[in-house]
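In what follows, a single structure is set out as structure tokens and then discussed.
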Amino acid sequence: MDDAMNMLEQKAIDASSTTGKVVLVTGGAGFIGSHVADKLMSRGDSVVVVDEMNDYYDVRLKEANLRYLCEKYGARVKIYRGDICDVQFISNLFAQEKPTHICHLAARAGVRASIIDPYIYVHSNIEGTTRLLDLARQYTCANFVYASSSSVYGCSEKSVLSESDAVEKPVSPYAATKKAW
């Protein structure tokens, strides 16, 4: 009887993180985000995905990415659809899930569209990142990884770019918002 109970307890432990890490992956329904989430869970982390699910990229592809993660990992992945700039939404998410690590991939994408409406890019890419950094501080997250964009390099003539390259002339509001951090 004790052996059977121990086996049941072990199965319950296996359903959660084996590394003790709870990683918040913003933009986790996208191509890169869903692959990052998959890799994190394959190494034993629990993942909390948050994605606004805007239609800049095909929402059906994002939904398929989320379905794949849910089917493969079940309860080890939690999915939230919402805006990282929504104070109540993102604050409640942190209070409930208590992420230990953050992989921030969410961003309003699109160079051309940012020229038409730069304010939504400032809102999403700067305000959203600032809000996440503040929550990471409040919840003493161990690590914060932020993905930028090659757009910050502007019209560089270099064939190989480096993080140490100067990025003083962004060519679009999108690039400027990604450079801001």
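By convention in this document, the chains of the structure tokens carry letters A, B, ... by their order, each chain's residues are numbered from 1, and ligands are numbered from 1 in the order they are shown.
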Please return, as an MDAnalysis selection string, all residues of stretch 33-163 of chain A that DSSP assigns to strand (DSSP E) on the basis of the backbone.
chainID A and resid 46:51 77:81 101:104 143:146
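Closest approach to A:Ser42 among A:Val77, A:Ala95, A:Ala142, A:Leu132: A:Val77, based on only C-alpha atoms.
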Once DSSP has gone over the backbone, tell me which residues of stretch 91-143 of chain A are in helix (DSSP H, G or I), as a ChimeraX atom specification.
/A:91-97,111-116,118-138
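The two atoms in question, atom CA of A:Ala75 and atom CA of A:Tyr56, are spaced 28.4 Å apart.
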